[in-house]
$ cat model.cif   # mmCIF, C-alpha atoms and all ligand atoms
data_final
#
loop_
_atom_site.label_atom_id
_atom_site.label_comp_id
_atom_site.auth_asym_id
_atom_site.auth_seq_id
_atom_site.Cartn_x
_atom_site.Cartn_y
_atom_site.Cartn_z
CA MET A 1 82.38 14.50 199.58
CA PHE A 2 83.80 11.57 201.56
CA PHE A 3 81.00 11.78 204.16
CA GLU A 4 78.37 12.04 201.41
CA LYS A 5 79.67 8.82 199.84
CA LEU A 6 79.90 7.07 203.20
CA SER A 7 76.35 8.07 204.09
CA LYS A 8 75.04 6.71 200.73
CA MET A 9 76.85 3.43 201.27
CA LEU A 10 75.57 3.08 204.83
CA ASN A 11 72.02 3.90 203.72
CA ASP A 12 72.31 1.15 201.16
CA VAL A 13 73.75 -1.42 203.55
CA PHE A 14 71.29 -0.75 206.36
CA ARG A 15 68.22 -0.29 204.21
CA PRO A 16 65.84 -3.02 205.40
CA SER A 17 65.48 -5.49 202.55
CA PRO A 18 61.83 -6.44 202.10
CA LYS A 19 60.94 -10.03 202.97
CA TYR A 20 58.19 -10.00 200.41
CA ILE A 21 57.58 -7.38 197.78
CA THR A 22 54.08 -6.02 197.78
CA VAL A 23 52.38 -2.89 196.56
CA SER A 24 49.97 -0.69 198.46
CA VAL A 25 46.31 -1.72 198.52
CA ALA A 26 45.36 1.14 196.19
CA GLN A 27 48.00 0.18 193.63
CA ALA A 28 47.30 -3.53 193.94
CA ALA A 29 43.67 -2.81 193.06
CA ALA A 30 44.93 -2.42 189.49
CA GLY A 31 45.60 -6.17 189.46
CA PRO A 32 45.49 -9.22 191.73
CA ALA A 33 47.35 -8.71 195.02
CA GLN A 34 50.64 -10.51 194.80
CA ALA A 35 53.73 -10.97 196.92
CA LEU A 36 57.13 -12.05 195.72
CA PRO A 37 60.23 -13.22 197.61
CA PRO A 38 63.27 -11.14 196.54
CA SER A 39 65.21 -14.33 195.68
CA ARG A 40 62.83 -14.81 192.69
CA LEU A 41 63.50 -11.33 191.31
CA PRO A 42 65.33 -10.79 188.01
CA ARG A 43 68.71 -9.11 188.39
CA HIS A 44 68.33 -7.07 185.21
CA VAL A 45 65.02 -5.82 183.81
CA ALA A 46 64.81 -4.13 180.40
CA ILE A 47 61.70 -2.24 179.34
CA ILE A 48 60.44 -1.10 175.94
CA MET A 49 58.08 1.69 176.99
CA ASP A 50 55.68 1.54 174.06
CA GLY A 51 52.26 3.06 173.42
CA ASN A 52 52.65 6.69 174.51
CA GLY A 53 51.31 7.92 171.18
CA ARG A 54 48.26 5.62 171.24
CA TRP A 55 47.54 6.54 174.86
CA ALA A 56 47.38 10.21 173.83
CA GLN A 57 45.44 9.59 170.61
CA ASN A 58 42.82 7.58 172.54
CA ARG A 59 42.23 10.69 174.62
CA GLY A 60 42.26 13.16 171.71
CA MET A 61 45.54 14.60 172.96
CA PRO A 62 48.78 15.36 171.08
CA ARG A 63 51.45 12.61 171.09
CA SER A 64 53.67 14.79 173.27
CA ALA A 65 51.08 14.51 176.06
CA GLY A 66 51.53 10.72 175.87
CA HIS A 67 55.27 11.13 176.31
CA ALA A 68 54.75 13.47 179.28
CA ALA A 69 52.44 10.89 180.90
CA GLY A 70 54.98 8.19 180.01
CA THR A 71 57.65 10.11 181.91
CA GLU A 72 55.49 9.95 185.05
CA ALA A 73 55.19 6.17 184.66
CA LEU A 74 58.95 5.93 184.16
CA ARG A 75 59.56 7.87 187.39
CA ASP A 76 57.40 5.41 189.35
CA ILE A 77 58.99 2.32 187.80
CA ILE A 78 62.51 3.58 188.53
CA ARG A 79 61.50 4.19 192.17
CA ALA A 80 59.89 0.75 192.42
CA SER A 81 63.01 -0.91 190.98
CA ASP A 82 65.11 0.87 193.57
CA ASP A 83 62.68 0.06 196.42
CA TRP A 84 62.58 -3.61 195.45
CA GLY A 85 66.34 -4.06 195.07
CA ILE A 86 66.50 -4.74 191.31
CA GLU A 87 70.18 -4.64 190.34
CA ALA A 88 69.87 -3.13 186.85
CA LEU A 89 67.06 -1.46 184.91
CA SER A 90 67.44 -0.61 181.22
CA LEU A 91 64.86 1.68 179.60
CA TYR A 92 64.45 2.26 175.87
CA ALA A 93 63.81 6.01 175.75
CA PHE A 94 64.92 7.03 172.23
CA SER A 95 66.18 4.82 169.42
CA THR A 96 68.37 5.75 166.46
CA GLU A 97 65.21 5.18 164.37
CA ASN A 98 63.18 7.69 166.41
CA TRP A 99 64.90 10.61 164.62
CA ALA A 100 62.49 9.86 161.75
CA ARG A 101 59.59 11.25 163.82
CA SER A 102 58.26 14.80 163.36
CA LYS A 103 60.40 17.68 164.56
CA GLU A 104 57.65 18.62 166.97
CA GLU A 105 57.63 15.17 168.61
CA ILE A 106 61.43 14.98 168.78
CA ASN A 107 61.56 18.42 170.43
CA ALA A 108 58.92 17.36 172.94
CA LEU A 109 60.88 14.20 173.81
CA MET A 110 64.17 16.10 174.10
CA GLY A 111 62.46 18.71 176.30
CA LEU A 112 61.12 16.00 178.61
CA LEU A 113 64.51 14.39 178.78
CA LEU A 114 66.17 17.60 179.90
CA LYS A 115 63.42 18.31 182.41
CA TYR A 116 63.66 14.78 183.79
CA PHE A 117 67.42 14.85 184.28
CA ASN A 118 67.32 18.29 185.89
CA SER A 119 64.47 17.47 188.25
CA GLU A 120 65.44 13.91 189.24
CA ILE A 121 69.21 13.94 189.47
CA ASP A 122 69.36 14.97 193.16
CA GLU A 123 66.96 12.22 194.24
CA LEU A 124 68.63 9.57 192.08
CA ASP A 125 72.08 10.46 193.34
CA GLU A 126 70.82 10.52 196.92
CA LYS A 127 69.43 7.01 196.38
CA ASN A 128 72.85 5.87 195.21
CA VAL A 129 71.56 5.19 191.67
CA ARG A 130 74.21 4.91 188.98
CA ILE A 131 73.13 6.36 185.63
CA THR A 132 74.57 5.04 182.36
CA ILE A 133 73.46 6.19 178.94
CA LEU A 134 73.29 3.42 176.35
CA GLY A 135 73.82 4.90 172.91
CA ASP A 136 75.74 7.60 171.12
CA VAL A 137 75.50 10.71 173.31
CA ASN A 138 77.43 12.71 170.70
CA GLY A 139 74.35 12.57 168.47
CA LEU A 140 72.20 14.38 171.08
CA PRO A 141 71.56 18.14 171.07
CA ASP A 142 74.11 20.09 173.19
CA ALA A 143 71.90 20.76 176.22
CA GLN A 144 70.73 17.13 176.46
CA ARG A 145 74.23 15.76 175.94
CA GLU A 146 75.63 18.00 178.67
CA ALA A 147 72.83 17.08 181.10
CA VAL A 148 73.20 13.32 180.62
CA CYS A 149 77.02 13.47 180.74
CA ARG A 150 76.82 15.49 183.98
CA ALA A 151 74.44 12.88 185.42
CA MET A 152 76.73 10.00 184.43
CA GLU A 153 79.77 11.75 185.88
CA ARG A 154 77.99 12.67 189.10
CA THR A 155 76.70 9.14 189.75
CA LYS A 156 79.59 7.08 188.36
CA ASP A 157 80.78 5.88 191.79
CA ASN A 158 77.29 5.05 193.08
CA THR A 159 76.71 1.43 194.00
CA GLY A 160 72.90 1.12 194.05
CA LEU A 161 70.47 0.54 191.17
CA LYS A 162 72.19 0.54 187.79
CA LEU A 163 69.88 2.72 185.73
CA ASN A 164 70.63 2.39 182.02
CA ILE A 165 68.77 4.80 179.75
CA ALA A 166 68.97 4.05 176.04
CA LEU A 167 69.16 7.31 174.10
CA ASN A 168 70.06 7.53 170.44
CA TYR A 169 70.50 3.76 170.83
CA GLY A 170 70.44 1.01 168.21
CA GLY A 171 71.35 -2.60 168.97
CA ARG A 172 73.12 -3.25 165.67
CA ALA A 173 75.02 0.03 166.02
CA GLU A 174 76.13 -1.09 169.49
CA LEU A 175 77.40 -4.43 168.13
CA THR A 176 79.17 -2.72 165.25
CA ARG A 177 80.81 -0.29 167.67
CA ALA A 178 82.00 -3.20 169.84
CA ALA A 179 83.49 -4.95 166.78
CA LYS A 180 85.31 -1.73 165.83
CA LEU A 181 86.70 -1.29 169.36
CA LEU A 182 88.07 -4.84 169.28
CA ALA A 183 89.49 -4.37 165.79
CA GLU A 184 91.31 -1.27 167.01
CA LYS A 185 92.80 -3.22 169.92
CA VAL A 186 94.01 -5.91 167.51
CA LYS A 187 95.43 -3.26 165.18
CA ALA A 188 97.26 -1.62 168.09
CA GLY A 189 98.72 -5.02 169.03
CA GLU A 190 96.98 -4.98 172.44
CA ILE A 191 95.22 -8.28 171.77
CA GLN A 192 95.28 -11.11 169.22
CA PRO A 193 92.14 -12.17 167.30
CA GLU A 194 92.10 -15.43 169.27
CA ASP A 195 91.84 -13.43 172.53
CA ILE A 196 88.34 -12.34 171.51
CA THR A 197 85.85 -14.19 173.68
CA GLU A 198 82.17 -13.63 174.40
CA ASP A 199 83.20 -12.08 177.68
CA LEU A 200 85.62 -9.63 176.04
CA PHE A 201 83.00 -8.76 173.42
CA GLY A 202 80.44 -8.08 176.17
CA GLN A 203 82.91 -5.74 177.84
CA GLN A 204 82.85 -3.46 174.77
CA LEU A 205 79.10 -2.90 175.08
CA TYR A 206 77.44 0.05 176.81
CA THR A 207 76.07 -2.40 179.38
CA ALA A 208 79.49 -3.82 180.36
CA ASP A 209 78.74 -3.24 184.05
CA SER A 210 75.32 -4.90 184.08
CA PRO A 211 74.52 -8.62 184.00
CA ASP A 212 72.64 -10.06 180.99
CA VAL A 213 68.98 -9.10 180.85
CA ASP A 214 66.76 -11.58 182.73
CA LEU A 215 63.40 -10.04 181.91
CA LEU A 216 62.26 -7.92 178.98
CA ILE A 217 58.93 -6.15 179.34
CA ARG A 218 57.24 -4.44 176.39
CA THR A 219 53.97 -2.58 176.76
CA SER A 220 51.22 -1.76 174.24
CA GLY A 221 50.76 -5.30 172.94
CA GLU A 222 53.56 -5.20 170.35
CA MET A 223 55.65 -8.37 170.38
CA ARG A 224 59.10 -7.62 169.03
CA THR A 225 62.43 -6.41 170.39
CA SER A 226 62.98 -3.52 167.94
CA ASN A 227 66.78 -3.40 167.90
CA PHE A 228 66.98 -3.21 171.71
CA LEU A 229 69.89 -4.98 173.44
CA PRO A 230 70.24 -7.91 170.96
CA TRP A 231 73.36 -9.29 172.67
CA GLN A 232 72.12 -8.86 176.22
CA LEU A 233 68.64 -10.35 175.60
CA VAL A 234 69.71 -13.76 174.31
CA TYR A 235 68.30 -15.67 177.31
CA ALA A 236 65.86 -13.06 178.58
CA GLU A 237 62.34 -14.05 179.50
CA MET A 238 59.86 -11.82 177.70
CA VAL A 239 56.60 -10.46 179.01
CA PHE A 240 54.34 -8.50 176.67
CA ASP A 241 51.73 -6.37 178.40
CA SER A 242 48.76 -5.08 176.43
CA ILE A 243 48.42 -1.74 178.20
CA ASN A 244 50.04 1.44 176.94
CA TRP A 245 53.13 2.66 178.79
CA PRO A 246 51.56 5.67 180.59
CA ASP A 247 49.14 3.23 182.31
CA PHE A 248 51.93 0.93 183.47
CA ASP A 249 52.41 1.23 187.23
CA ARG A 250 54.15 -0.67 190.01
CA ALA A 251 51.20 -3.04 190.49
CA ARG A 252 51.45 -3.98 186.81
CA TYR A 253 55.23 -4.18 187.13
CA LEU A 254 54.83 -6.59 190.02
CA GLN A 255 52.56 -8.78 187.87
CA CYS A 256 55.32 -8.98 185.24
CA LEU A 257 57.84 -9.91 187.93
CA ARG A 258 55.44 -12.60 189.17
CA ILE A 259 55.14 -14.06 185.66
CA TYR A 260 58.94 -14.06 185.44
CA ALA A 261 59.28 -15.77 188.84
CA ASP A 262 57.01 -18.59 187.63
CA ARG A 263 59.04 -19.23 184.47
CA ASP A 264 61.29 -22.25 184.20
CA ARG A 265 64.71 -21.00 182.99
CA ARG A 266 67.05 -23.70 181.72
CA PHE A 267 69.48 -21.73 179.50
CA GLY A 268 69.48 -24.51 176.92
CA GLY A 269 70.12 -27.23 179.51
CA VAL A 270 67.81 -29.64 181.28
CA ASP A 271 66.56 -29.12 184.78
CA GLU A 272 67.52 -32.46 186.40
CA ALA A 273 65.62 -31.72 189.58
CA ARG A 274 62.35 -31.14 187.79
CA PRO A 275 60.48 -34.12 186.32
CA GLU A 276 59.85 -33.61 182.62
CA LYS A 277 56.35 -32.41 181.91
CA LYS A 278 54.25 -35.02 180.05
CA THR A 279 52.83 -33.69 176.83
CA GLU A 280 51.07 -35.52 174.02
CA ASP A 281 54.31 -35.38 172.02
CA ASN A 282 56.57 -36.98 174.63
CA ALA A 283 54.03 -39.15 176.47
CA ASP A 284 55.53 -42.36 175.05
CA ASP A 285 59.21 -41.26 175.18
C1 LIG C 1 57.20 4.67 172.46
O1 LIG C 1 55.84 5.04 172.33
C2 LIG C 1 57.87 5.61 173.35
C3 LIG C 1 58.93 6.38 173.00
C4 LIG C 1 59.51 6.38 171.65
C5 LIG C 1 59.53 7.33 173.95
C6 LIG C 1 59.66 6.86 175.37
C7 LIG C 1 59.96 8.03 176.20
C8 LIG C 1 59.46 8.28 177.43
C9 LIG C 1 58.62 7.34 178.18
C10 LIG C 1 59.74 9.57 178.16
C11 LIG C 1 61.04 10.27 177.95
C12 LIG C 1 62.21 9.61 178.54
C13 LIG C 1 62.94 10.08 179.57
C14 LIG C 1 64.16 9.33 179.97
C15 LIG C 1 62.55 11.24 180.37
P1 LIG C 1 55.30 5.50 170.90
O2 LIG C 1 55.43 6.98 170.81
O3 LIG C 1 56.03 4.77 169.82
O4 LIG C 1 53.80 5.08 171.00
P2 LIG C 1 52.88 4.54 169.80
O5 LIG C 1 53.48 3.25 169.33
O6 LIG C 1 51.55 4.38 170.45
O7 LIG C 1 52.88 5.60 168.72
#

$ encode --input "model.cif" --output "structure tokens"
Amino acid sequence: MFFEKLSKMLNDVFRPSPKYITVSVAQAAAGPAQALPPSRLPRHVAIIMDGNGRWAQNRGMPRSAGHAAGTEALRDIIRASDDWGIEALSLYAFSTENWARSKEEINALMGLLLKYFNSEIDELDEKNVRITILGDVNGLPDAQREAVCRAMERTKDNTGLKLNIALNYGGRAELTRAAKLLAEKVKAGEIQPEDITEDLFGQQLYTADSPDVDLLIRTSGEMRTSNFLPWQLVYAEMVFDSINWPDFDRARYLQCLRIYADRDRRFGGVDEARPEKKTEDNADD
């Protein structure tokens, strides 16, 4: 056990960090070849993997086939995030609203989930990935709950990529839960209402161990956040990609990272070092 942990840590420390992030020629053919210095990478990427159903419908296939193809894309994006040294990756896999879908589709998604956790856990653990489930695991069927809890327990001391998978997740439910946790602490006399700060509030969220989201990617052309990480997204840059999730690959991912790297993030302040851009509105200011 000790040697296993030590070997994971050493692998992580001595893993050569890429000077520039590129994708293979074949993958880059899906978009313009691009290279990105790691210092311009987001620390935390969140992804709304949308469009599985449309991908399948466009091919005359059942929606479940879209989710199966989406799982392959997810596997590749998790590997790319790990290869490229992204600190945290949050994926919206199943929302509290998704229970309204047909029984058949829910069963297909739950089946894929179980299959994914059983087939990937060894590789993820080996790569020092730490898995956290965002959402209420108690609302999951027994087999899925046991599999995800086992995965969280097994990887809880890992120090590599923080892989957050949102399952039975709703942003408002997460905020309400955080408020209740704080109220209980006040009631127990552990804290006073005036001790409640943004930082303390953030610590009650499922993502307490991850930094705020820097980049949100949503596929399939939809442009909304759909109850995903409302607290954590407040200053996130957003990139909306028109392709459906099963077609999203690491070349496309790199394009999103490139767009992010070119954004000017000011967090409500003014970038003193950068001369203000002249527009028609401020030309005479
Ligand atoms: C949205 O597409 C996608 C989902 C609701 C499920 C996402 C799940 C996966 C990618 C795979 C399973 C996850 C794991 C962790 C193995 P949609 O069905 O809403 O597509 P549509 O808008 O075209 O109908």

$ residues_around --input "model.cif" --residues "Asp241 (chain A)" --least-positions-apart "2" --cutoff "10 Å" --atoms "all atoms listed in the file" --output "PyMOL selection string"
chain A and resi 50+217-223+238-239+243-245+248+252-253+255-256

$ atom_distance --input "model.cif" --atom1 "CA of Glu87 (chain A)" --atom2 "CA of Thr159 (chain A)"
9.6 Å

$ atom_distance --input "model.cif" --atom1 "CA of Phe117 (chain A)" --atom2 "CA of Gly70 (chain A)"
14.7 Å

$ atom_distance --input "model.cif" --atom1 "CA of Thr155 (chain A)" --atom2 "CA of Glu126 (chain A)"
9.4 Å

$ residues_near_ligand --input "model.cif" --ligand "ligand LIG 1 (chain C)" --cutoff "6 Å" --atoms "all atoms listed in the file" --output "number ranges by chain"
A: 49-54, 67, 70-71, 93-94, 109, 112-113, 116

$ closest_residue --input "model.cif" --among "A:Ile86, A:Met152, A:Ile133, A:Leu229" --to "Leu175 (chain A)" --atoms "all atoms listed in the file"
A:Leu229

$ residues_near_point --input "model.cif" --point "(63.2, 4.8, 174.0)" --cutoff "9 Å" --atoms "only C-alpha atoms" --output "ChimeraX atom specification"
/A:47-50,91-95,98,165-169

$ residues_around --input "model.cif" --residues "region 264-268 of chain A" --least-positions-apart "3" --cutoff "9 Å" --atoms "all atoms listed in the file" --output "PDB file with C-alpha atoms, keeping the file's coordinate frame"
ATOM      1  CA  TYR A 235      68.300 -15.670 177.310  1.00  0.00           C
ATOM      2  CA  GLU A 237      62.340 -14.050 179.500  1.00  0.00           C
ATOM      3  CA  TYR A 260      58.940 -14.060 185.440  1.00  0.00           C
ATOM      4  CA  ALA A 261      59.280 -15.770 188.840  1.00  0.00           C
ATOM      5  CA  ASP A 271      66.560 -29.120 184.780  1.00  0.00           C
TER       6      ASP A 271
END

$ residues_around --input "model.cif" --residues "Asn128 (chain A)" --least-positions-apart "3" --cutoff "8 Å" --atoms "only C-alpha atoms" --output "VMD selection string"
chain A and resid 8 to 9 12 124 to 125 155 158 to 161

$ residues_around --input "model.cif" --residues "Glu97 (chain A)" --least-positions-apart "6" --cutoff "12 Å" --atoms "all atoms listed in the file" --output "PyMOL selection string"
chain A and resi 106+167-173+226-228

$ residues_around --input "model.cif" --residues "Val45 (chain A)" --least-positions-apart "5" --cutoff "8 Å" --atoms "all atoms listed in the file" --output "PyMOL selection string"
chain A and resi 86+88-90+213-217

$ closest_residue --input "model.cif" --among "A:Glu190, A:Asp157, A:Glu120, A:Glu104" --to "Glu72 (chain A)" --atoms "only C-alpha atoms"
A:Glu120

$ residues_near_point --input "model.cif" --point "(88.5, -7.4, 167.6)" --cutoff "9 Å" --atoms "only C-alpha atoms" --output "compact mmCIF listing (two decimals) with C-alpha atoms, in the frame of the given file"
# COMPACT_ATOMS: atom_id res chain seq x y z
CA ALA A 178 82.00 -3.20 169.84
CA ALA A 179 83.49 -4.95 166.78
CA LYS A 180 85.31 -1.73 165.83
CA LEU A 181 86.70 -1.29 169.36
CA LEU A 182 88.07 -4.84 169.28
CA ALA A 183 89.49 -4.37 165.79
CA GLU A 184 91.31 -1.27 167.01
CA LYS A 185 92.80 -3.22 169.92
CA VAL A 186 94.01 -5.91 167.51
CA LYS A 187 95.43 -3.26 165.18
CA ILE A 191 95.22 -8.28 171.77
CA GLN A 192 95.28 -11.11 169.22
CA PRO A 193 92.14 -12.17 167.30
CA GLU A 194 92.10 -15.43 169.27
CA ASP A 195 91.84 -13.43 172.53
CA ILE A 196 88.34 -12.34 171.51
CA PHE A 201 83.00 -8.76 173.42

$ closest_residue --input "model.cif" --among "A:Ala69, A:Ala46, A:Ala143, A:Ala80" --to "Met110 (chain A)" --atoms "only C-alpha atoms"
A:Ala143

$ closest_residue --input "model.cif" --among "A:Gln232, A:Thr225, A:Asn164, A:Asn58" --to "Gln203 (chain A)" --atoms "only C-alpha atoms"
A:Gln232

$ closest_residue --input "model.cif" --among "A:Thr207, A:Ala108, A:Glu198, A:Phe240" --to "Pro62 (chain A)" --atoms "all atoms listed in the file"
A:Ala108

$ decode --input "model.cif" --residues "region 45-133 of chain A" --atoms "C-alpha atoms" --output "PDB file, in the first residue's frame"
ATOM      1  CA  VAL A  45     -12.584  22.980 -16.622  1.00  0.00           C
ATOM      2  CA  ALA A  46     -16.290  22.126 -16.382  1.00  0.00           C
ATOM      3  CA  ILE A  47     -18.108  20.459 -19.267  1.00  0.00           C
ATOM      4  CA  ILE A  48     -21.800  20.104 -20.099  1.00  0.00           C
ATOM      5  CA  MET A  49     -21.689  17.087 -22.405  1.00  0.00           C
ATOM      6  CA  ASP A  50     -24.769  17.855 -24.488  1.00  0.00           C
ATOM      7  CA  GLY A  51     -26.127  16.443 -27.743  1.00  0.00           C
ATOM      8  CA  ASN A  52     -25.858  12.665 -27.279  1.00  0.00           C
ATOM      9  CA  GLY A  53     -29.514  12.208 -28.197  1.00  0.00           C
ATOM     10  CA  ARG A  54     -29.272  14.356 -31.345  1.00  0.00           C
ATOM     11  CA  TRP A  55     -26.069  12.597 -32.393  1.00  0.00           C
ATOM     12  CA  ALA A  56     -27.919   9.261 -32.257  1.00  0.00           C
ATOM     13  CA  GLN A  57     -31.111  10.572 -33.876  1.00  0.00           C
ATOM     14  CA  ASN A  58     -29.091  12.006 -36.787  1.00  0.00           C
ATOM     15  CA  ARG A  59     -27.857   8.481 -37.426  1.00  0.00           C
ATOM     16  CA  GLY A  60     -31.238   6.763 -36.962  1.00  0.00           C
ATOM     17  CA  MET A  61     -29.981   5.150 -33.766  1.00  0.00           C
ATOM     18  CA  PRO A  62     -31.600   4.936 -30.308  1.00  0.00           C
ATOM     19  CA  ARG A  63     -30.658   7.676 -27.802  1.00  0.00           C
ATOM     20  CA  SER A  64     -28.792   5.105 -25.717  1.00  0.00           C
ATOM     21  CA  ALA A  65     -26.324   4.666 -28.599  1.00  0.00           C
ATOM     22  CA  GLY A  66     -25.591   8.400 -28.321  1.00  0.00           C
ATOM     23  CA  HIS A  67     -24.828   8.001 -24.632  1.00  0.00           C
ATOM     24  CA  ALA A  68     -22.556   5.022 -25.348  1.00  0.00           C
ATOM     25  CA  ALA A  69     -20.668   7.088 -27.941  1.00  0.00           C
ATOM     26  CA  GLY A  70     -20.615   9.989 -25.467  1.00  0.00           C
ATOM     27  CA  THR A  71     -18.913   7.741 -22.915  1.00  0.00           C
ATOM     28  CA  GLU A  72     -16.083   7.116 -25.400  1.00  0.00           C
ATOM     29  CA  ALA A  73     -15.636  10.870 -25.851  1.00  0.00           C
ATOM     30  CA  LEU A  74     -15.627  11.317 -22.081  1.00  0.00           C
ATOM     31  CA  ARG A  75     -12.882   8.695 -21.710  1.00  0.00           C
ATOM     32  CA  ASP A  76     -10.676  10.571 -24.190  1.00  0.00           C
ATOM     33  CA  ILE A  77     -11.282  13.982 -22.608  1.00  0.00           C
ATOM     34  CA  ILE A  78     -10.455  12.675 -19.127  1.00  0.00           C
ATOM     35  CA  ARG A  79      -7.195  11.202 -20.484  1.00  0.00           C
ATOM     36  CA  ALA A  80      -6.356  14.450 -22.289  1.00  0.00           C
ATOM     37  CA  SER A  81      -7.007  16.486 -19.120  1.00  0.00           C
ATOM     38  CA  ASP A  82      -4.669  14.198 -17.217  1.00  0.00           C
ATOM     39  CA  ASP A  83      -2.012  14.261 -19.978  1.00  0.00           C
ATOM     40  CA  TRP A  84      -2.115  18.049 -20.163  1.00  0.00           C
ATOM     41  CA  GLY A  85      -1.952  18.675 -16.412  1.00  0.00           C
ATOM     42  CA  ILE A  86      -5.409  20.213 -15.893  1.00  0.00           C
ATOM     43  CA  GLU A  87      -5.949  20.446 -12.130  1.00  0.00           C
ATOM     44  CA  ALA A  88      -9.703  19.779 -11.993  1.00  0.00           C
ATOM     45  CA  LEU A  89     -12.287  18.537 -14.488  1.00  0.00           C
ATOM     46  CA  SER A  90     -16.007  18.579 -13.673  1.00  0.00           C
ATOM     47  CA  LEU A  91     -18.388  16.668 -15.948  1.00  0.00           C
ATOM     48  CA  TYR A  92     -22.176  16.964 -15.930  1.00  0.00           C
ATOM     49  CA  ALA A  93     -23.224  13.330 -16.357  1.00  0.00           C
ATOM     50  CA  PHE A  94     -26.729  13.180 -14.833  1.00  0.00           C
ATOM     51  CA  SER A  95     -28.793  16.016 -13.399  1.00  0.00           C
ATOM     52  CA  THR A  96     -31.622  15.867 -10.862  1.00  0.00           C
ATOM     53  CA  GLU A  97     -33.875  16.825 -13.810  1.00  0.00           C
ATOM     54  CA  ASN A  98     -32.705  13.855 -15.918  1.00  0.00           C
ATOM     55  CA  TRP A  99     -34.904  11.478 -13.867  1.00  0.00           C
ATOM     56  CA  ALA A 100     -37.783  12.815 -15.996  1.00  0.00           C
ATOM     57  CA  ARG A 101     -36.432  10.902 -19.019  1.00  0.00           C
ATOM     58  CA  SER A 102     -37.843   7.530 -20.111  1.00  0.00           C
ATOM     59  CA  LYS A 103     -37.099   4.502 -17.959  1.00  0.00           C
ATOM     60  CA  GLU A 104     -35.297   2.954 -20.897  1.00  0.00           C
ATOM     61  CA  GLU A 105     -32.929   5.925 -21.271  1.00  0.00           C
ATOM     62  CA  ILE A 106     -32.279   6.171 -17.522  1.00  0.00           C
ATOM     63  CA  ASN A 107     -31.464   2.450 -17.387  1.00  0.00           C
ATOM     64  CA  ALA A 108     -29.096   2.825 -20.330  1.00  0.00           C
ATOM     65  CA  LEU A 109     -27.303   5.740 -18.639  1.00  0.00           C
ATOM     66  CA  MET A 110     -27.078   3.916 -15.310  1.00  0.00           C
ATOM     67  CA  GLY A 111     -25.750   0.821 -17.100  1.00  0.00           C
ATOM     68  CA  LEU A 112     -23.047   2.880 -18.821  1.00  0.00           C
ATOM     69  CA  LEU A 113     -22.132   4.493 -15.556  1.00  0.00           C
ATOM     70  CA  LEU A 114     -21.591   1.152 -13.858  1.00  0.00           C
ATOM     71  CA  LYS A 115     -19.645  -0.197 -16.816  1.00  0.00           C
ATOM     72  CA  TYR A 116     -17.477   2.919 -16.908  1.00  0.00           C
ATOM     73  CA  PHE A 117     -16.586   2.841 -13.221  1.00  0.00           C
ATOM     74  CA  ASN A 118     -15.827  -0.884 -13.305  1.00  0.00           C
ATOM     75  CA  SER A 119     -13.686  -0.715 -16.430  1.00  0.00           C
ATOM     76  CA  GLU A 120     -11.798   2.539 -15.759  1.00  0.00           C
ATOM     77  CA  ILE A 121     -11.152   2.560 -12.035  1.00  0.00           C
ATOM     78  CA  ASP A 122      -7.809   0.700 -12.218  1.00  0.00           C
ATOM     79  CA  GLU A 123      -6.407   3.063 -14.866  1.00  0.00           C
ATOM     80  CA  LEU A 124      -7.698   6.186 -13.119  1.00  0.00           C
ATOM     81  CA  ASP A 125      -6.287   5.110  -9.777  1.00  0.00           C
ATOM     82  CA  GLU A 126      -2.987   4.188 -11.406  1.00  0.00           C
ATOM     83  CA  LYS A 127      -2.864   7.686 -12.903  1.00  0.00           C
ATOM     84  CA  ASN A 128      -3.345   9.156  -9.443  1.00  0.00           C
ATOM     85  CA  VAL A 129      -6.756  10.616 -10.393  1.00  0.00           C
ATOM     86  CA  ARG A 130      -8.988  11.577  -7.491  1.00  0.00           C
ATOM     87  CA  ILE A 131     -12.682  10.929  -8.133  1.00  0.00           C
ATOM     88  CA  THR A 132     -15.372  13.003  -6.428  1.00  0.00           C
ATOM     89  CA  ILE A 133     -19.067  12.657  -7.103  1.00  0.00           C
TER      90      ILE A 133
END
